[in-house]
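Listing of coords_5.cif, mmCIF, C-alpha atoms
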data_protein
#
loop_
_atom_site.label_atom_id
_atom_site.label_comp_id
_atom_site.auth_asym_id
_atom_site.auth_seq_id
_atom_site.Cartn_x
_atom_site.Cartn_y
_atom_site.Cartn_z
CA MET A 1 0.00 0.00 0.00
CA SER A 2 1.49 3.29 -1.01
CA ALA A 3 1.76 6.32 1.22
CA THR A 4 -0.90 8.30 -0.60
CA GLU A 5 -3.54 5.62 -0.17
CA THR A 6 -3.11 5.45 3.59
CA LYS A 7 -3.47 9.23 3.94
CA VAL A 8 -5.84 9.99 6.80
CA LEU A 9 -5.20 13.60 7.68
CA GLU A 10 -3.56 16.38 5.76
CA GLY A 11 0.20 16.43 6.09
CA SER A 12 0.56 12.71 6.64
CA GLU A 13 3.17 11.78 4.09
CA GLN A 14 4.58 9.05 6.28
CA GLY A 15 1.37 7.09 6.78
CA PHE A 16 0.58 8.44 10.25
CA ALA A 17 -0.27 11.75 11.85
CA THR A 18 -0.54 13.06 15.38
CA THR A 19 -3.61 14.95 16.52
CA ARG A 20 -5.72 15.61 19.57
CA LEU A 21 -8.71 13.37 20.11
CA ASP A 22 -11.21 16.21 20.14
CA ALA A 23 -9.79 17.60 16.93
CA LEU A 24 -10.10 14.20 15.31
CA LEU A 25 -13.69 13.84 16.50
CA GLY A 26 -14.52 17.32 15.29
CA TRP A 27 -13.02 16.57 11.91
CA ALA A 28 -15.07 13.40 11.68
CA ARG A 29 -18.27 15.03 12.83
CA LYS A 30 -18.18 18.01 10.57
CA TYR A 31 -18.17 15.91 7.40
CA SER A 32 -20.89 13.49 8.51
CA LEU A 33 -23.71 15.71 9.69
CA PHE A 34 -27.06 13.99 10.15
CA ASN A 35 -29.75 16.59 9.54
CA TYR A 36 -33.12 17.00 11.15
CA PRO A 37 -35.14 19.38 8.94
CA PHE A 38 -37.84 21.11 11.03
CA VAL A 39 -39.62 22.71 8.08
CA THR A 40 -42.64 24.88 8.82
CA ALA A 41 -42.98 27.50 6.09
CA CYS A 42 -41.99 28.80 2.69
CA CYS A 43 -38.23 28.57 3.43
CA GLY A 44 -38.78 24.85 2.93
CA MET A 45 -38.75 25.46 -0.83
CA GLU A 46 -35.26 26.84 -0.58
CA PHE A 47 -34.27 23.97 1.68
CA MET A 48 -35.39 21.61 -1.09
CA ALA A 49 -33.26 23.55 -3.56
CA VAL A 50 -30.22 23.26 -1.30
CA SER A 51 -30.70 19.53 -0.78
CA SER A 52 -31.50 18.64 -4.37
CA PRO A 53 -28.91 17.99 -7.09
CA ARG A 54 -28.36 21.51 -8.46
CA TYR A 55 -26.92 22.83 -5.19
CA ASP A 56 -26.63 19.56 -3.26
CA PHE A 57 -25.35 19.99 0.27
CA ALA A 58 -24.42 16.32 0.24
CA ARG A 59 -21.15 17.60 -1.25
CA PHE A 60 -20.33 18.95 2.21
CA GLY A 61 -21.09 15.71 3.99
CA ALA A 62 -24.53 16.82 5.20
CA GLU A 63 -26.16 14.10 3.20
CA ALA A 64 -28.43 12.07 5.40
CA PRO A 65 -31.71 13.47 6.66
CA ARG A 66 -32.85 11.71 9.79
CA PHE A 67 -36.48 12.04 10.69
CA SER A 68 -35.88 11.09 14.26
CA PRO A 69 -34.25 13.77 16.41
CA ARG A 70 -32.51 11.06 18.43
CA GLN A 71 -30.30 10.17 15.47
CA SER A 72 -29.43 13.63 14.25
CA ASP A 73 -26.68 16.16 14.95
CA LEU A 74 -27.90 19.29 13.21
CA LEU A 75 -31.36 20.79 13.65
CA TRP A 76 -32.44 22.96 10.73
CA VAL A 77 -35.25 25.27 11.83
CA VAL A 78 -36.66 26.26 8.45
CA GLY A 79 -39.47 28.79 8.58
CA THR A 80 -41.69 30.70 10.94
CA ILE A 81 -42.16 29.30 14.44
CA SER A 82 -45.53 30.25 15.88
CA GLN A 83 -46.18 30.34 19.59
CA ARG A 84 -48.26 27.24 19.16
CA GLN A 85 -45.33 25.33 17.64
CA ALA A 86 -42.80 26.47 20.23
CA PRO A 87 -43.37 23.56 22.66
CA ILE A 88 -42.92 21.09 19.78
CA LEU A 89 -39.64 22.67 18.72
CA LYS A 90 -38.34 22.68 22.27
CA ARG A 91 -39.30 19.04 22.68
CA ILE A 92 -37.55 18.08 19.44
CA TYR A 93 -34.40 19.88 20.57
CA GLU A 94 -34.46 18.17 23.96
CA GLN A 95 -34.65 14.77 22.28
CA MET A 96 -31.45 15.32 20.30
CA MET A 97 -28.24 13.71 21.53
CA GLU A 98 -25.20 15.75 22.48
CA PRO A 99 -23.29 17.11 20.70
CA ARG A 100 -25.97 18.94 18.73
CA TRP A 101 -26.08 22.06 16.61
CA VAL A 102 -28.92 24.32 15.52
CA MET A 103 -29.23 26.42 12.39
CA ALA A 104 -31.86 29.16 12.06
CA PHE A 105 -32.74 29.10 8.36
CA GLY A 106 -34.25 32.37 7.17
CA THR A 107 -35.28 35.61 8.78
CA CYS A 108 -38.36 34.27 10.57
CA ALA A 109 -36.47 31.58 12.42
CA SER A 110 -33.68 34.06 13.23
CA CYS A 111 -35.70 36.96 14.62
CA GLY A 112 -39.37 36.54 13.72
CA GLY A 113 -39.04 38.58 10.55
CA PHE A 114 -41.89 40.91 9.83
CA TYR A 115 -44.25 38.84 11.97
CA ASP A 116 -44.12 41.36 14.79
CA ASN A 117 -47.39 40.18 16.35
CA TYR A 118 -49.24 38.01 18.81
CA THR A 119 -48.66 34.71 17.10
CA THR A 120 -44.97 34.42 16.23
CA VAL A 121 -41.91 33.59 18.31
CA PRO A 122 -39.42 36.43 17.66
CA GLY A 123 -36.48 34.16 16.91
CA ILE A 124 -35.88 30.55 17.93
CA ASP A 125 -33.12 31.62 20.30
CA LYS A 126 -35.88 32.73 22.65
CA ILE A 127 -36.56 29.02 23.15
CA ILE A 128 -33.50 26.96 22.23
CA PRO A 129 -29.80 27.79 21.76
CA CYS A 130 -28.90 28.60 18.18
CA ASP A 131 -25.45 28.35 16.56
CA VAL A 132 -25.78 29.91 13.12
CA TYR A 133 -28.30 32.40 11.77
CA VAL A 134 -28.87 32.53 8.02
CA PRO A 135 -30.76 35.73 7.15
CA GLY A 136 -32.79 36.06 3.96
CA CYS A 137 -36.43 35.76 3.04
CA PRO A 138 -35.78 33.07 2.03
CA PRO A 139 -31.96 32.84 1.91
CA ARG A 140 -30.36 31.86 -1.35
CA PRO A 141 -28.68 28.44 -1.44
CA GLU A 142 -25.27 30.15 -1.47
CA ALA A 143 -26.10 31.80 1.85
CA VAL A 144 -27.15 28.44 3.24
CA PHE A 145 -23.82 27.01 2.16
CA ASP A 146 -22.07 29.82 3.99
CA GLY A 147 -24.09 28.87 7.05
CA LEU A 148 -23.26 25.21 6.68
CA LEU A 149 -19.55 25.98 6.38
CA LEU A 150 -19.82 28.18 9.46
CA ILE A 151 -21.36 25.25 11.34
CA GLN A 152 -18.54 23.02 10.16
CA ASP A 153 -15.96 25.53 11.37
CA LYS A 154 -17.69 25.62 14.73
CA ILE A 155 -17.78 21.85 14.98
CA ALA A 156 -14.10 21.60 14.13
CA SER A 157 -13.03 24.35 16.49
CA GLY A 158 -15.47 23.61 19.30
CA VAL A 159 -16.51 27.24 19.60
CA ARG A 160 -20.21 27.61 20.48
CA LYS A 161 -20.54 31.38 20.11
CA PRO A 162 -23.48 32.12 17.78
CA SER A 163 -22.70 33.74 14.47
CA VAL A 164 -24.55 35.22 11.53
CA VAL A 165 -24.03 34.63 7.82
CA LYS A 166 -23.07 37.91 6.21
CA PRO A 167 -24.21 38.87 2.71
CA ARG A 168 -21.61 38.17 0.04
CA GLN A 169 -22.20 41.64 -1.33
CA ASP A 170 -23.36 44.44 0.93
CA PRO A 171 -26.57 45.93 -0.59
CA ALA A 172 -25.77 49.27 1.03
CA THR A 173 -22.88 49.84 -1.36
CA ASP A 174 -25.28 49.85 -4.30
CA LEU A 175 -27.41 52.51 -2.65
CA VAL A 176 -24.44 54.83 -2.33
CA GLN A 177 -23.60 54.44 -6.00
CA ILE A 178 -27.15 55.26 -7.08
CA ASN A 179 -27.32 58.41 -4.96
CA THR A 180 -24.15 60.02 -6.29
CA PRO A 181 -23.35 62.69 -7.32
CA PRO A 182 -24.61 64.87 -4.44
CA LYS A 183 -26.79 67.89 -5.19
CA PRO A 184 -24.39 70.86 -4.57
CA GLU A 185 -22.05 69.56 -7.25
CA LYS A 186 -24.89 69.41 -9.75
CA LYS A 187 -25.65 73.09 -9.24
CA LYS A 188 -22.01 74.01 -9.77
CA LYS A 189 -21.90 71.98 -12.97
CA LYS A 190 -25.02 73.73 -14.28
CA LYS A 191 -23.53 77.11 -13.57
CA ASP A 192 -20.35 76.12 -15.36
CA GLU A 193 -22.35 74.94 -18.36
CA ALA A 194 -24.39 78.09 -18.39
CA ASN A 195 -21.25 80.21 -18.29
CA GLY A 196 -19.79 78.18 -21.10
CA GLU A 197 -22.86 78.77 -23.24
CA ASP A 198 -22.78 82.50 -22.55
CA ALA A 199 -19.16 82.68 -23.51
CA MET B 1 -76.51 44.09 -11.60
CA SER B 2 -79.97 43.61 -10.34
CA LYS B 3 -80.88 44.45 -6.80
CA LEU B 4 -83.20 41.46 -6.71
CA ALA B 5 -81.86 40.02 -3.50
CA LEU B 6 -82.03 43.35 -1.68
CA GLU B 7 -85.60 44.03 -2.83
CA LYS B 8 -86.75 40.57 -1.84
CA LEU B 9 -85.09 40.88 1.56
CA GLN B 10 -86.77 44.23 2.18
CA ALA B 11 -90.13 42.88 1.10
CA LYS B 12 -89.82 39.86 3.34
CA PHE B 13 -88.22 41.36 6.45
CA GLY B 14 -89.27 45.03 6.31
CA ASP B 15 -87.89 46.93 9.31
CA LYS B 16 -85.43 44.18 10.15
CA VAL B 17 -83.38 45.29 7.14
CA PHE B 18 -81.68 48.41 8.49
CA GLU B 19 -80.00 49.60 5.32
CA THR B 20 -79.02 48.42 1.88
CA HIS B 21 -76.25 49.44 -0.42
CA SER B 22 -75.51 48.62 -4.00
CA GLN B 23 -72.52 49.68 -6.03
CA CYS B 24 -70.63 48.17 -8.94
CA GLY B 25 -72.50 44.91 -8.64
CA ASP B 26 -71.88 44.54 -4.92
CA ASP B 27 -75.16 44.28 -3.07
CA THR B 28 -75.06 44.70 0.68
CA ALA B 29 -77.82 44.44 3.24
CA VAL B 30 -77.51 45.16 6.95
CA VAL B 31 -80.05 43.16 8.92
CA SER B 32 -81.01 42.96 12.55
CA PRO B 33 -79.19 40.19 14.47
CA ASP B 34 -82.53 38.51 15.30
CA ALA B 35 -83.27 38.16 11.59
CA TRP B 36 -79.80 36.81 10.79
CA HIS B 37 -80.65 33.13 10.65
CA ALA B 38 -84.04 33.63 8.96
CA ALA B 39 -82.52 35.92 6.33
CA ALA B 40 -79.80 33.40 5.55
CA LEU B 41 -82.32 30.63 5.24
CA PHE B 42 -84.51 32.79 2.99
CA LEU B 43 -81.60 33.66 0.73
CA ARG B 44 -80.73 30.00 0.37
CA ASP B 45 -84.22 28.64 -0.21
CA ASP B 46 -85.91 31.29 -2.35
CA PRO B 47 -85.98 29.81 -5.88
CA ALA B 48 -85.28 33.16 -7.56
CA LEU B 49 -82.23 33.79 -5.36
CA ASP B 50 -80.84 30.30 -4.75
CA PHE B 51 -77.67 31.27 -2.88
CA ASP B 52 -76.24 27.78 -2.65
CA LEU B 53 -72.57 28.67 -2.11
CA PHE B 54 -71.37 29.93 1.25
CA VAL B 55 -68.30 31.99 0.34
CA ASP B 56 -67.01 33.68 3.46
CA LEU B 57 -67.85 34.76 6.95
CA CYS B 58 -65.85 37.17 9.04
CA ALA B 59 -66.24 40.10 11.42
CA VAL B 60 -65.04 43.70 11.51
CA ASP B 61 -64.31 45.65 14.68
CA TYR B 62 -65.48 49.25 14.87
CA PRO B 63 -64.20 50.08 18.36
CA LEU B 64 -65.95 53.43 18.68
CA ARG B 65 -69.43 52.37 17.66
CA GLU B 66 -71.84 52.50 20.58
CA ASN B 67 -74.36 49.90 19.45
CA GLY B 68 -73.05 46.98 17.47
CA ARG B 69 -69.30 47.21 17.73
CA PHE B 70 -68.73 44.07 15.67
CA GLU B 71 -70.06 43.74 12.17
CA VAL B 72 -70.45 40.10 11.16
CA VAL B 73 -70.14 39.86 7.38
CA LEU B 74 -71.46 37.00 5.27
CA HIS B 75 -70.68 36.59 1.58
CA LEU B 76 -72.88 34.42 -0.60
CA TYR B 77 -72.86 33.33 -4.22
CA SER B 78 -75.35 31.53 -6.37
CA THR B 79 -73.82 29.03 -8.77
CA THR B 80 -77.06 28.72 -10.74
CA LYS B 81 -78.12 32.39 -10.92
CA ARG B 82 -74.54 33.71 -10.83
CA HIS B 83 -75.10 36.60 -8.48
CA ARG B 84 -73.66 37.60 -5.16
CA VAL B 85 -74.87 39.24 -1.99
CA ARG B 86 -73.27 40.45 1.20
CA LEU B 87 -75.19 40.27 4.46
CA LYS B 88 -74.15 42.13 7.59
CA ALA B 89 -75.31 42.25 11.19
CA ARG B 90 -74.06 44.43 14.03
CA VAL B 91 -73.59 42.90 17.48
CA GLY B 92 -71.85 43.66 20.76
CA ASP B 93 -71.39 46.73 22.92
CA LEU B 94 -68.36 48.97 23.43
CA GLU B 95 -66.81 46.56 25.93
CA GLY B 96 -67.07 43.74 23.40
CA ASP B 97 -69.62 41.88 25.53
CA ALA B 98 -72.96 40.52 24.37
CA ALA B 99 -71.54 39.86 20.92
CA GLU B 100 -73.83 36.95 20.13
CA ILE B 101 -75.51 35.86 16.95
CA ASP B 102 -77.19 32.73 15.65
CA THR B 103 -75.08 30.08 14.00
CA LEU B 104 -75.48 29.28 10.31
CA THR B 105 -74.07 25.77 10.54
CA ASP B 106 -77.54 24.31 9.97
CA VAL B 107 -77.98 26.43 6.84
CA TRP B 108 -74.56 25.83 5.27
CA SER B 109 -72.44 23.25 7.07
CA GLY B 110 -69.32 24.97 5.72
CA ALA B 111 -69.95 27.81 8.15
CA GLY B 112 -68.58 25.74 11.02
CA TRP B 113 -64.87 26.50 10.75
CA LEU B 114 -65.36 30.11 9.68
CA GLU B 115 -67.56 30.75 12.68
CA ARG B 116 -64.90 29.18 14.87
CA GLU B 117 -62.30 31.49 13.32
CA THR B 118 -64.50 34.54 13.86
CA PHE B 119 -65.03 33.50 17.45
CA ASP B 120 -61.29 32.95 17.92
CA MET B 121 -60.13 36.22 16.38
CA MET B 122 -62.98 38.57 17.36
CA GLY B 123 -64.84 36.92 20.21
CA VAL B 124 -68.22 36.82 18.51
CA VAL B 125 -70.21 33.94 20.02
CA PHE B 126 -72.35 31.91 17.64
CA ARG B 127 -75.39 30.53 19.43
CA GLY B 128 -76.10 26.90 18.61
CA HIS B 129 -72.70 26.15 17.05
CA PRO B 130 -71.98 22.46 17.66
CA ASP B 131 -68.28 22.87 18.48
CA LEU B 132 -67.33 26.46 19.21
CA ARG B 133 -63.63 26.20 20.11
CA ARG B 134 -60.59 28.22 19.08
CA ILE B 135 -59.34 27.11 15.69
CA LEU B 136 -56.14 29.11 15.07
CA MET B 137 -54.87 30.11 18.50
CA TYR B 138 -54.08 27.64 21.28
CA PRO B 139 -56.62 26.97 24.04
CA GLU B 140 -54.46 28.74 26.64
CA PHE B 141 -54.65 32.03 24.73
CA GLU B 142 -56.54 34.77 26.54
CA GLY B 143 -58.47 37.43 24.68
CA HIS B 144 -59.18 37.83 20.99
CA PRO B 145 -56.19 39.07 19.01
CA LEU B 146 -57.90 40.86 16.13
CA ARG B 147 -59.93 43.14 18.38
CA LYS B 148 -58.67 46.67 18.15
CA ASP B 149 -58.12 46.85 21.91
CA TYR B 150 -55.77 43.85 21.89
CA PRO B 151 -52.25 45.33 22.26
CA ALA B 152 -50.37 44.90 18.99
CA GLN B 153 -47.15 43.72 20.66
CA GLN B 154 -48.62 41.49 23.34
CA THR B 155 -47.61 37.85 23.03
CA GLN B 156 -48.63 34.93 25.22
CA PRO B 157 -45.79 32.38 24.96
CA LEU B 158 -46.49 28.74 25.73
CA VAL B 159 -42.82 28.10 26.47
CA PRO B 160 -41.10 30.53 28.84
CA TYR B 161 -38.41 32.44 26.97
CA ARG B 162 -34.77 31.81 27.85
CA THR B 163 -33.23 34.41 30.11
CA GLU B 164 -30.09 36.19 28.99
CA GLU B 165 -28.15 34.62 31.86
CA GLU B 166 -29.15 31.17 30.70
CA ALA B 167 -28.26 31.98 27.11
CA GLY B 168 -25.05 33.86 27.97
CA MET B 169 -25.76 36.37 25.24
CA VAL B 170 -27.94 39.34 24.38
CA LEU B 171 -31.29 38.05 23.19
CA GLU B 172 -32.98 41.39 22.58
CA LYS B 173 -32.40 42.02 18.91
CA VAL B 174 -33.38 45.05 16.91
CA ALA B 175 -37.02 44.62 15.96
CA PRO B 176 -37.95 44.81 12.28
CA PHE B 177 -40.15 47.78 13.09
CA GLY B 178 -39.57 50.69 15.42
CA GLY B 179 -42.04 51.51 18.14
CA ASP B 180 -43.92 53.94 15.89
CA GLU B 181 -43.89 51.76 12.77
CA GLY B 182 -45.86 48.74 11.60
CA MET B 183 -49.47 48.43 12.77
CA ALA B 184 -49.12 52.01 13.92
CA PHE B 185 -52.83 52.65 13.96
CA GLY B 186 -53.37 49.94 16.53
CA ARG B 187 -50.65 51.15 18.84
CA LYS B 188 -51.57 54.81 18.67
CA TRP B 189 -55.16 53.94 19.27
CA PHE B 190 -54.21 51.88 22.27
CA GLU B 191 -51.86 54.50 23.72
CA ARG B 192 -54.37 57.29 23.24
CA GLY B 193 -57.14 55.33 24.93
CA ALA B 194 -59.78 55.89 22.31
CA ARG B 195 -62.62 54.92 24.59
CA SER B 196 -62.15 57.98 26.79
#
Give the structure from this file in structure tokens form.
Amino acid sequence: MSATETKVLEGSEQGFATTRLDALLGWARKYSLFNYPFVTACCGMEFMAVSSPRYDFARFGAEAPRFSPRQSDLLWVVGTISQRQAPILKRIYEQMMEPRWVMAFGTCASCGGFYDNYTTVPGIDKIIPCDVYVPGCPPRPEAVFDGLLLIQDKIASGVRKPSVVKPRQDPATDLVQINTPPKPEKKKKKKDEANGEDA
Amino acid sequence: MSKLALEKLQAKFGDKVFETHSQCGDDTAVVSPDAWHAAALFLRDDPALDFDLFVDLCAVDYPLRENGRFEVVLHLYSTTKRHRVRLKARVGDLEGDAAEIDTLTDVWSGAGWLERETFDMMGVVFRGHPDLRRILMYPEFEGHPLRKDYPAQQTQPLVPYRTEEEAGMVLEKVAPFGGDEGMAFGRKWFERGARS
């Protein structure tokens, strides 16, 4: 057996590598995520897009959906959580085995979205701990991938601080471009043109 | 459009029909709550009207109206004659009490769930309904959320929210709307105390 075939971890040219046990476990876990999709609303359409062949999150090792929370590592909360569903979600989370991770998929799961009313939980972190927030209404599959990679980084590093997927392009930059040039400059230009015509 | 349904209602019920309105093919009749069930039955069974399709039933809250704060609205359609009518009745006092009206479940059985929804959201009680429970909100919910005096931001969680100590992080995020935005009419009304 050649050295390349026995490669287990990066940098093992000699057929063996040293590592810490928790790092090894984290490396193993992050590429074999068992998902529990808790799909309640329209974000489920985008979840289907992410899991189906065109985008295909199986490429990142998050292949197997498990429809029992006892067998799963990663809880995807996809869609609006109403007050009536909150006990169900909490129960599902409590049934999951440690270690477990939670992703809030979409704006409603992250903060309640525009449902600022009597019936909606304003973010699942009011009920259960949440590791990664993916904003968007619904988020594009690319944003979900960013969230999945963030989860994998967290699993590998063991850090449990919650984090948010940032937009790949900040929409605010476009607004600035549209609004330029500012008004005072326009007036000056007009005066200059007028002078030029007079001359 | 013809005002056939309105004329027939007025001929049959006389003073019990408080007012009628007809514009752009929308015929509306406001009837007394005691005539509610009889009027519905008449509209269904009269051969010239034949309103066989129960379309919708809901209620509107007019919080400042002294007599009849809630307006129960019924929409009907006839699949054979192809005409529509809208029937209204005003119930309840300023406090939202005594909002009672007869059920229509024995006229159109499809009225069952819509009457439950109207009861859940507005608190209008339908006398004789076989199973008048909440249909959208949970049984523990107190009050009726679509009434104008229900505070727009008041929630009634079934699961107690995590405390910030338990979570180890700030849970209070920036709301999508500021205090003076989104459903502003409801909040201003509530702050001003429109009943005074």
message = Counting all atoms listed in the file, a student should be able to say which residues of chain A come within 8 Å of chain B; what is the right answer, written as an MDAnalysis selection string?
response = chainID A and resid 83:84 86:87 111 113:114 116:119 121 125:129
message = List the spatial neighbours of stretch 39-50 of chain B as a ChimeraX atom specification - criterion: any atom at most 7 Å away, all atoms listed in the file, same-chain residues fewer than 6 positions off excluded.
response = /B:5,78,107
I need the residue set behind the PyMOL selection byres ((chain A and resi 165) around 9) for this file; please write it as a CSV table (one decimal) with C-alpha atoms, keeping the file's coordinate frame.
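Below is the file expr-v7.csv, written as the result:
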chain,number,residue,atom,x,y,z
A,132,VAL,CA,-25.8,29.9,13.1
A,133,TYR,CA,-28.3,32.4,11.8
A,134,VAL,CA,-28.9,32.5,8.0
A,135,PRO,CA,-30.8,35.7,7.2
A,143,ALA,CA,-26.1,31.8,1.8
A,144,VAL,CA,-27.2,28.4,3.2
A,146,ASP,CA,-22.1,29.8,4.0
A,147,GLY,CA,-24.1,28.9,7.0
A,150,LEU,CA,-19.8,28.2,9.5
A,163,SER,CA,-22.7,33.7,14.5
A,164,VAL,CA,-24.6,35.2,11.5
A,166,LYS,CA,-23.1,37.9,6.2
A,167,PRO,CA,-24.2,38.9,2.7
A,168,ARG,CA,-21.6,38.2,0.0
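Separating atom CA of B:Met122 from atom CA of A:Tyr115 is a distance of 19.5 Å.
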message = Taking 6 positions as the minimum chain separation for residues in the same chain, which residues sit within 10 Å of stretch 26-42 of chain A when counting only C-alpha atoms? Answer as number ranges by chain.
response = A: 9, 20, 58-82, 85, 89, 92-93, 96, 99-103, 105-106, 108-109, 137-138, 148-149, 151-158
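In this model, the gap between atom CA of B:Arg84 and atom CA of B:Gln23 comes to 12.2 Å.
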message = Could you tell me how far atom CA of B:Gly96 sits from atom CA of B:Leu64, in Å to one decimal place?
response = 10.8 Å
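Closest approach to B:Thr79 among B:Glu100, B:Asp52, B:Glu165, B:Glu115: B:Asp52, based on all atoms listed in the file.
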remark   = Using only C-alpha atoms, the best pick from B:Cys58, B:Ile101, B:Leu87, B:Val73 as closest to B:Leu114 would be B:Cys58
key: Selection dump of the PyMOL selection byres ((chain B and resi 104) around 10), as a PyMOL selection string   = chain B and resi 36-38+40-41+54+57+101-103+105-112+115+126-129
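Of the residues under consideration (B:Ile135, B:Lys8, B:Glu142, B:Phe51), B:Phe51 shows the shortest atom-to-atom contact distance to B:Val85 when counting all atoms listed in the file.
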remark   = From the list B:Gly123, B:Pro130, B:Pro33, B:Gly14, the nearest residue to B:Asp97 using only C-alpha atoms is B:Gly123
Write out N, CA and C atoms for stretch 63-75 of chain B, as a PDB file, keeping the file's coordinate frame.
ATOM      1  N   PRO B  63     -64.288  49.965  16.904  1.00  0.00           N
ATOM      2  CA  PRO B  63     -64.200  50.080  18.360  1.00  0.00           C
ATOM      3  C   PRO B  63     -64.922  51.278  18.941  1.00  0.00           C
ATOM      4  N   LEU B  64     -65.309  52.243  18.131  1.00  0.00           N
ATOM      5  CA  LEU B  64     -65.950  53.430  18.680  1.00  0.00           C
ATOM      6  C   LEU B  64     -67.465  53.431  18.512  1.00  0.00           C
ATOM      7  N   ARG B  65     -67.993  52.356  17.923  1.00  0.00           N
ATOM      8  CA  ARG B  65     -69.430  52.370  17.660  1.00  0.00           C
ATOM      9  C   ARG B  65     -70.198  51.909  18.890  1.00  0.00           C
ATOM     10  N   GLU B  66     -71.125  52.730  19.322  1.00  0.00           N
ATOM     11  CA  GLU B  66     -71.840  52.500  20.580  1.00  0.00           C
ATOM     12  C   GLU B  66     -72.632  51.191  20.534  1.00  0.00           C
ATOM     13  N   ASN B  67     -73.446  51.040  19.496  1.00  0.00           N
ATOM     14  CA  ASN B  67     -74.360  49.900  19.450  1.00  0.00           C
ATOM     15  C   ASN B  67     -73.992  49.024  18.257  1.00  0.00           C
ATOM     16  N   GLY B  68     -73.471  47.850  18.555  1.00  0.00           N
ATOM     17  CA  GLY B  68     -73.050  46.980  17.470  1.00  0.00           C
ATOM     18  C   GLY B  68     -71.615  47.237  17.077  1.00  0.00           C
ATOM     19  N   ARG B  69     -70.709  46.964  18.007  1.00  0.00           N
ATOM     20  CA  ARG B  69     -69.300  47.210  17.730  1.00  0.00           C
ATOM     21  C   ARG B  69     -68.755  46.285  16.659  1.00  0.00           C
ATOM     22  N   PHE B  70     -69.240  45.040  16.647  1.00  0.00           N
ATOM     23  CA  PHE B  70     -68.730  44.070  15.670  1.00  0.00           C
ATOM     24  C   PHE B  70     -69.740  43.919  14.545  1.00  0.00           C
ATOM     25  N   GLU B  71     -69.215  43.956  13.333  1.00  0.00           N
ATOM     26  CA  GLU B  71     -70.060  43.740  12.170  1.00  0.00           C
ATOM     27  C   GLU B  71     -69.726  42.378  11.603  1.00  0.00           C
ATOM     28  N   VAL B  72     -70.655  41.442  11.715  1.00  0.00           N
ATOM     29  CA  VAL B  72     -70.450  40.100  11.160  1.00  0.00           C
ATOM     30  C   VAL B  72     -70.848  40.161   9.688  1.00  0.00           C
ATOM     31  N   VAL B  73     -69.944  39.718   8.826  1.00  0.00           N
ATOM     32  CA  VAL B  73     -70.140  39.860   7.380  1.00  0.00           C
ATOM     33  C   VAL B  73     -70.215  38.482   6.755  1.00  0.00           C
ATOM     34  N   LEU B  74     -71.249  38.290   5.947  1.00  0.00           N
ATOM     35  CA  LEU B  74     -71.460  37.000   5.270  1.00  0.00           C
ATOM     36  C   LEU B  74     -71.482  37.241   3.776  1.00  0.00           C
ATOM     37  N   HIS B  75     -70.718  36.474   3.036  1.00  0.00           N
ATOM     38  CA  HIS B  75     -70.680  36.590   1.580  1.00  0.00           C
ATOM     39  C   HIS B  75     -71.314  35.336   0.980  1.00  0.00           C
TER      40      HIS B  75
END
